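Colleague: What follows is coords.pdb, PDB, C-alpha atoms, pLDDT in the B column.
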```pdb
MODEL        1
ATOM      1  CA  MET A 902      28.018 -49.985 -31.033  1.00 68.00           C
ATOM      2  CA  ILE A 903      29.627 -53.314 -30.263  1.00 83.00           C
ATOM      3  CA  GLU A 904      30.544 -55.031 -33.520  1.00 88.00           C
ATOM      4  CA  LEU A 905      29.929 -58.741 -33.831  1.00 96.00           C
ATOM      5  CA  ASP A 906      31.309 -60.773 -36.746  1.00 96.00           C
ATOM      6  CA  PHE A 907      28.244 -61.447 -38.896  1.00 95.00           C
ATOM      7  CA  THR A 908      30.426 -62.378 -41.902  1.00 94.00           C
ATOM      8  CA  LYS A 909      31.184 -66.019 -41.012  1.00 89.00           C
ATOM      9  CA  ASP A 910      27.726 -67.295 -41.955  1.00 84.00           C
ATOM     10  CA  SER A 911      26.394 -66.767 -45.488  1.00 86.00           C
ATOM     11  CA  ASP A 912      23.049 -65.677 -44.013  1.00 92.00           C
ATOM     12  CA  GLY A 913      24.707 -63.304 -41.548  1.00 95.00           C
ATOM     13  CA  LEU A 914      23.340 -65.219 -38.562  1.00 97.00           C
ATOM     14  CA  LEU A 915      25.029 -65.838 -35.223  1.00 97.00           C
ATOM     15  CA  PRO A 916      23.930 -68.254 -32.473  1.00 97.00           C
ATOM     16  CA  ALA A 917      22.479 -66.769 -29.309  1.00 98.00           C
ATOM     17  CA  ILE A 918      22.471 -69.061 -26.286  1.00 98.00           C
ATOM     18  CA  VAL A 919      19.783 -67.920 -23.860  1.00 98.00           C
ATOM     19  CA  GLN A 920      20.136 -68.556 -20.119  1.00 98.00           C
ATOM     20  CA  ASP A 921      17.935 -67.743 -17.169  1.00 98.00           C
ATOM     21  CA  GLN A 922      19.797 -65.038 -15.240  1.00 98.00           C
ATOM     22  CA  GLU A 923      18.934 -66.512 -11.842  1.00 97.00           C
ATOM     23  CA  SER A 924      19.263 -70.272 -12.269  1.00 96.00           C
ATOM     24  CA  GLY A 925      21.708 -70.412 -15.168  1.00 97.00           C
ATOM     25  CA  ASP A 926      19.412 -72.895 -16.942  1.00 96.00           C
ATOM     26  CA  VAL A 927      19.752 -72.893 -20.721  1.00 98.00           C
ATOM     27  CA  LEU A 928      16.362 -71.783 -22.010  1.00 98.00           C
ATOM     28  CA  MET A 929      16.869 -71.874 -25.759  1.00 98.00           C
ATOM     29  CA  LEU A 930      19.170 -71.432 -28.713  1.00 98.00           C
ATOM     30  CA  ALA A 931      18.202 -68.846 -31.300  1.00 98.00           C
ATOM     31  CA  TYR A 932      19.861 -66.837 -34.048  1.00 98.00           C
ATOM     32  CA  ILE A 933      20.512 -63.143 -34.388  1.00 98.00           C
ATOM     33  CA  ASN A 934      21.392 -60.982 -37.357  1.00 97.00           C
ATOM     34  CA  ARG A 935      22.676 -57.418 -37.299  1.00 96.00           C
ATOM     35  CA  GLU A 936      19.157 -55.935 -37.134  1.00 96.00           C
ATOM     36  CA  SER A 937      18.019 -58.137 -34.228  1.00 97.00           C
ATOM     37  CA  TRP A 938      21.304 -57.412 -32.395  1.00 97.00           C
ATOM     38  CA  GLU A 939      20.763 -53.661 -32.740  1.00 96.00           C
ATOM     39  CA  LYS A 940      17.109 -53.895 -31.633  1.00 97.00           C
ATOM     40  CA  THR A 941      18.106 -56.022 -28.638  1.00 98.00           C
ATOM     41  CA  LEU A 942      20.726 -53.497 -27.542  1.00 97.00           C
ATOM     42  CA  ALA A 943      18.392 -50.535 -28.099  1.00 97.00           C
ATOM     43  CA  SER A 944      15.318 -52.002 -26.381  1.00 98.00           C
ATOM     44  CA  GLY A 945      16.759 -54.276 -23.680  1.00 98.00           C
ATOM     45  CA  LYS A 946      14.418 -57.034 -24.913  1.00 98.00           C
ATOM     46  CA  ALA A 947      15.563 -60.106 -26.845  1.00 98.00           C
ATOM     47  CA  HIS A 948      15.008 -59.919 -30.593  1.00 98.00           C
ATOM     48  CA  TYR A 949      15.910 -62.777 -32.913  1.00 98.00           C
ATOM     49  CA  TRP A 950      15.862 -63.762 -36.565  1.00 97.00           C
ATOM     50  CA  SER A 951      13.372 -66.529 -37.301  1.00 95.00           C
ATOM     51  CA  ARG A 952      14.895 -68.898 -39.833  1.00 93.00           C
ATOM     52  CA  SER A 953      11.552 -70.630 -40.430  1.00 93.00           C
ATOM     53  CA  ARG A 954       9.549 -67.425 -40.924  1.00 92.00           C
ATOM     54  CA  GLN A 955      12.448 -65.448 -42.417  1.00 94.00           C
ATOM     55  CA  LYS A 956      11.703 -62.407 -40.304  1.00 96.00           C
ATOM     56  CA  LEU A 957      12.761 -60.460 -37.262  1.00 97.00           C
ATOM     57  CA  TRP A 958      10.815 -61.237 -34.090  1.00 95.00           C
ATOM     58  CA  LEU A 959      10.605 -59.989 -30.555  1.00 97.00           C
ATOM     59  CA  LYS A 960      10.643 -63.034 -28.273  1.00 96.00           C
ATOM     60  CA  GLY A 961       7.217 -63.188 -26.644  1.00 94.00           C
ATOM     61  CA  GLU A 962       5.433 -61.009 -29.190  1.00 92.00           C
ATOM     62  CA  SER A 963       2.678 -63.658 -29.512  1.00 89.00           C
ATOM     63  CA  SER A 964       2.759 -65.270 -26.070  1.00 92.00           C
ATOM     64  CA  GLY A 965       3.655 -62.289 -23.888  1.00 93.00           C
ATOM     65  CA  HIS A 966       6.630 -64.279 -22.541  1.00 95.00           C
ATOM     66  CA  ILE A 967       9.198 -61.579 -23.275  1.00 97.00           C
ATOM     67  CA  GLN A 968      12.875 -61.915 -22.398  1.00 98.00           C
ATOM     68  CA  ILE A 969      14.415 -58.928 -20.609  1.00 98.00           C
ATOM     69  CA  ILE A 970      18.162 -58.776 -21.202  1.00 98.00           C
ATOM     70  CA  ARG A 971      20.128 -58.636 -17.940  1.00 98.00           C
ATOM     71  CA  GLU A 972      23.621 -59.432 -19.254  1.00 98.00           C
ATOM     72  CA  ILE A 973      25.241 -60.259 -22.594  1.00 98.00           C
ATOM     73  CA  LEU A 974      28.407 -62.308 -22.994  1.00 98.00           C
ATOM     74  CA  VAL A 975      30.341 -62.373 -26.281  1.00 98.00           C
ATOM     75  CA  ASP A 976      32.745 -65.166 -27.205  1.00 97.00           C
ATOM     76  CA  CYS A 977      36.402 -64.698 -28.193  1.00 96.00           C
ATOM     77  CA  ASP A 978      35.674 -64.699 -31.955  1.00 96.00           C
ATOM     78  CA  GLN A 979      32.754 -62.283 -31.566  1.00 96.00           C
ATOM     79  CA  ASP A 980      30.469 -64.692 -33.435  1.00 97.00           C
ATOM     80  CA  THR A 981      28.361 -66.155 -30.609  1.00 97.00           C
ATOM     81  CA  VAL A 982      26.516 -64.498 -27.749  1.00 98.00           C
ATOM     82  CA  VAL A 983      24.970 -65.577 -24.473  1.00 98.00           C
ATOM     83  CA  PHE A 984      21.909 -63.619 -23.405  1.00 98.00           C
ATOM     84  CA  LYS A 985      21.254 -63.861 -19.673  1.00 98.00           C
ATOM     85  CA  VAL A 986      17.602 -62.971 -19.358  1.00 98.00           C
ATOM     86  CA  GLU A 987      14.682 -62.486 -17.050  1.00 98.00           C
ATOM     87  CA  GLN A 988      12.059 -64.713 -18.659  1.00 97.00           C
ATOM     88  CA  LEU A 989       8.639 -63.134 -18.193  1.00 97.00           C
ATOM     89  CA  GLY A 990       5.747 -65.574 -17.928  1.00 93.00           C
ATOM     90  CA  GLY A 991       8.043 -68.419 -16.914  1.00 91.00           C
ATOM     91  CA  ALA A 992       8.279 -70.097 -20.329  1.00 95.00           C
ATOM     92  CA  ALA A 993      10.772 -69.724 -23.162  1.00 96.00           C
ATOM     93  CA  CYS A 994       9.567 -72.682 -25.220  1.00 96.00           C
ATOM     94  CA  HIS A 995       6.699 -72.342 -27.707  1.00 94.00           C
ATOM     95  CA  LYS A 996       5.575 -75.823 -26.632  1.00 95.00           C
ATOM     96  CA  GLY A 997       4.795 -74.414 -23.180  1.00 95.00           C
ATOM     97  CA  TYR A 998       7.870 -75.459 -21.200  1.00 97.00           C
ATOM     98  CA  SER A 999      10.173 -73.146 -19.259  1.00 96.00           C
ATOM     99  CA  SER A1000      13.109 -74.330 -21.400  1.00 97.00           C
ATOM    100  CA  CYS A1001      13.269 -75.663 -24.952  1.00 97.00           C
ATOM    101  CA  PHE A1002      15.486 -78.365 -23.450  1.00 97.00           C
ATOM    102  CA  TYR A1003      12.694 -80.140 -21.587  1.00 97.00           C
ATOM    103  CA  ARG A1004      13.642 -83.669 -22.736  1.00 98.00           C
ATOM    104  CA  ARG A1005      16.649 -85.878 -22.153  1.00 97.00           C
ATOM    105  CA  VAL A1006      17.934 -88.925 -23.971  1.00 98.00           C
ATOM    106  CA  GLU A1007      17.102 -92.028 -21.969  1.00 97.00           C
ATOM    107  CA  ALA A1008      18.209 -95.288 -23.585  1.00 94.00           C
ATOM    108  CA  GLU A1009      16.767 -94.986 -27.104  1.00 94.00           C
ATOM    109  CA  LYS A1010      13.993 -92.490 -26.458  1.00 97.00           C
ATOM    110  CA  LEU A1011      13.348 -88.937 -25.306  1.00 98.00           C
ATOM    111  CA  GLU A1012      12.025 -88.585 -21.775  1.00 97.00           C
ATOM    112  CA  VAL A1013      10.136 -85.423 -20.811  1.00 97.00           C
ATOM    113  CA  ILE A1014      11.742 -83.983 -17.678  1.00 96.00           C
ATOM    114  CA  GLY A1015      10.152 -80.522 -17.687  1.00 95.00           C
ATOM    115  CA  GLU A1016       6.692 -79.383 -16.703  1.00 93.00           C
ATOM    116  CA  ARG A1017       4.449 -77.358 -18.953  1.00 95.00           C
ATOM    117  CA  VAL A1018       3.954 -73.770 -17.845  1.00 95.00           C
ATOM    118  CA  PHE A1019       1.211 -73.030 -20.379  1.00 94.00           C
ATOM    119  CA  ASP A1020      -0.941 -74.753 -22.999  1.00 94.00           C
ATOM    120  CA  PRO A1021       0.239 -73.705 -26.485  1.00 94.00           C
ATOM    121  CA  ALA A1022      -3.232 -74.297 -27.970  1.00 94.00           C
ATOM    122  CA  VAL A1023      -4.655 -71.671 -25.628  1.00 93.00           C
ATOM    123  CA  VAL A1024      -1.811 -69.160 -26.052  1.00 91.00           C
ATOM    124  CA  TYR A1025      -1.339 -69.461 -29.816  1.00 91.00           C
ATOM    125  CA  GLY A1026      -4.826 -70.632 -30.773  1.00 85.00           C
ATOM    126  CA  LYS A1027      -3.508 -73.633 -32.714  1.00 68.00           C
TER     127      LYS A1027
ENDMDL
END
```
Mind turning this structure into structure tokens?
Modeller:
Amino acid sequence: MIELDFTKDSDGLLPAIVQDQESGDVLMLAYINRESWEKTLASGKAHYWSRSRQKLWLKGESSGHIQIIREILVDCDQDTVVFKVEQLGGAACHKGYSSCFYRRVEAEKLEVIGERVFDPAVVYGK
């Protein structure tokens, strides 16, 4: 098993930058711990640690928008990864956008530059 350095963070979490394998677009930033790393490698599907829910989660377990791992890059310190993924369902963001980075800073406000792929109220029932 490839060993990452989970010791640098007191919670044992490492950043995972997620990119679309085809376009190279950054879809999201998430965190992994040892357990999510091992599940990701074993299953070929992106697993993360939810800091807000304090639990392991398979990306897309609620929405069906699963991320299939196509390539993994590891940085020189072995404490950050890049997951290049095939994003099923076309959306990585829980707000319904293809990328969590769907806004840009314009003057003193945030301008929406992405288009919604799905309605979160319908998908999550909230």
Colleague: Restricting the calculation to only C-alpha atoms, which member of A:Tyr998, A:Gln988, A:Leu928, A:Phe1019 is positioned closest to His966 of chain A?
Modeller: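 Closest residue, counting only C-alpha atoms: A:Gln988.
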Colleague: Evaluated on this file, the PyMOL selection byres ((chain A and resi 996) around 10) picks out some residues - which ones are they, written as a list in words?
Modeller: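 Applying the PyMOL selection byres ((chain A and resi 996) around 10) to the structure shown produces Ala992, Ala993, Cys994, His995, Gly997, Tyr998, Ser999, Ser1000, Cys1001, Tyr1003, Arg1017, Val1018, Phe1019, Asp1020, Pro1021, Ala1022, Val1024 and Tyr1025 of chain A.
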Colleague: Taking the file as shown, what set of residues would the PyMOL selection byres ((chain A and resi 960) around 8) give back, as a list in words?
Modeller: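 Selected by the PyMOL selection byres ((chain A and resi 960) around 8) in this file: Lys946, Ala947, His948, Tyr949, Trp958, Leu959, Gly961, Glu962, His966, Ile967 and Gln968 of chain A.
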Colleague: How would you write as a PyMOL selection string the residues that get within 12 Å of (26.3, -67.8, -28.2) in the file's frame, counting all atoms listed in the file?
Modeller: chain A and resi 905+914-920+927+929-933+973-985
Colleague: Write the residues of the selection above to a file with C-alpha atoms, as a short mmCIF file (atom, residue, chain, number, x, y, z; two decimals), in the coordinates of the input.
Modeller:
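Result file is out01.cif:
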```cif
data_model
loop_
_atom_site.label_atom_id
_atom_site.label_comp_id
_atom_site.auth_asym_id
_atom_site.auth_seq_id
_atom_site.Cartn_x
_atom_site.Cartn_y
_atom_site.Cartn_z
CA LEU A 905 29.93 -58.74 -33.83
CA LEU A 914 23.34 -65.22 -38.56
CA LEU A 915 25.03 -65.84 -35.22
CA PRO A 916 23.93 -68.25 -32.47
CA ALA A 917 22.48 -66.77 -29.31
CA ILE A 918 22.47 -69.06 -26.29
CA VAL A 919 19.78 -67.92 -23.86
CA GLN A 920 20.14 -68.56 -20.12
CA VAL A 927 19.75 -72.89 -20.72
CA MET A 929 16.87 -71.87 -25.76
CA LEU A 930 19.17 -71.43 -28.71
CA ALA A 931 18.20 -68.85 -31.30
CA TYR A 932 19.86 -66.84 -34.05
CA ILE A 933 20.51 -63.14 -34.39
CA ILE A 973 25.24 -60.26 -22.59
CA LEU A 974 28.41 -62.31 -22.99
CA VAL A 975 30.34 -62.37 -26.28
CA ASP A 976 32.74 -65.17 -27.20
CA CYS A 977 36.40 -64.70 -28.19
CA ASP A 978 35.67 -64.70 -31.96
CA GLN A 979 32.75 -62.28 -31.57
CA ASP A 980 30.47 -64.69 -33.44
CA THR A 981 28.36 -66.16 -30.61
CA VAL A 982 26.52 -64.50 -27.75
CA VAL A 983 24.97 -65.58 -24.47
CA PHE A 984 21.91 -63.62 -23.40
CA LYS A 985 21.25 -63.86 -19.67
#
```
Colleague: Point out the residue among A:Lys909, A:Asp921, A:Glu972, A:Lys1010 with the least atom-to-atom distance to Gly945 of chain A, counting all atoms listed in the file.
Modeller: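 The shortest atom-to-atom distance to Gly945 of chain A comes from A:Glu972.
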Colleague: Between atom CA of Gly925 of chain A and atom CA of Asp906 of chain A, measure the distance and give it in Å to one decimal.
Modeller: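 Between atom CA of Gly925 of chain A and atom CA of Asp906 of chain A the gap works out to 25.5 Å.
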Colleague: Around the point (26.6, -55.0, -33.3) (coordinates from the file), which residues reach within 10 Å if we count only C-alpha atoms? Answer as a PyMOL selection string.
Modeller: chain A and resi 902-907+934-942+979
Colleague: Take the residues that were just selected and, keeping C-alpha atoms, output them as a compact mmCIF listing (two decimals), in the coordinates of the input.
Modeller:
```txt
# COMPACT_ATOMS: atom_id res chain seq x y z
CA MET A 902 28.02 -49.98 -31.03
CA ILE A 903 29.63 -53.31 -30.26
CA GLU A 904 30.54 -55.03 -33.52
CA LEU A 905 29.93 -58.74 -33.83
CA ASP A 906 31.31 -60.77 -36.75
CA PHE A 907 28.24 -61.45 -38.90
CA ASN A 934 21.39 -60.98 -37.36
CA ARG A 935 22.68 -57.42 -37.30
CA GLU A 936 19.16 -55.94 -37.13
CA SER A 937 18.02 -58.14 -34.23
CA TRP A 938 21.30 -57.41 -32.40
CA GLU A 939 20.76 -53.66 -32.74
CA LYS A 940 17.11 -53.90 -31.63
CA THR A 941 18.11 -56.02 -28.64
CA LEU A 942 20.73 -53.50 -27.54
CA GLN A 979 32.75 -62.28 -31.57
```
Colleague: How far is it from atom CA of Arg952 of chain A to atom CA of Asp912 of chain A, in Å with one decimal?
Modeller: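 Interatomic distance, atom CA of Arg952 of chain A to atom CA of Asp912 of chain A: 9.7 Å.
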Colleague: Quick one: pull the distance between atom CA of Ser951 of chain A and atom CA of Ser964 of chain A, Å, one decimal.
Modeller: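 Atom CA of Ser964 of chain A lies at a distance of 15.5 Å from atom CA of Ser951 of chain A.
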Colleague: Nearest residue to Gly1026 of chain A out of A:Gly913, A:Asp926, A:Ser963, A:Trp950, using all atoms listed in the file?
Modeller: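 That would be A:Ser963, the residue with the smallest distance to Gly1026 of chain A.
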Colleague: Apply the PyMOL selection byres ((chain A and resi 1013) around 6) to the file shown and report the selected residues as an NGL selection string.
Modeller: :A and (1003-1004 or 1012 or 1014-1015)
Colleague: Of the candidates A:Arg954, A:Val1023, A:Gly965, A:Ala943, which one gets nearest to Gly991 of chain A if we count all atoms listed in the file?
Modeller: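 Checking each candidate against Gly991 of chain A, we get A:Gly965 as the closest.
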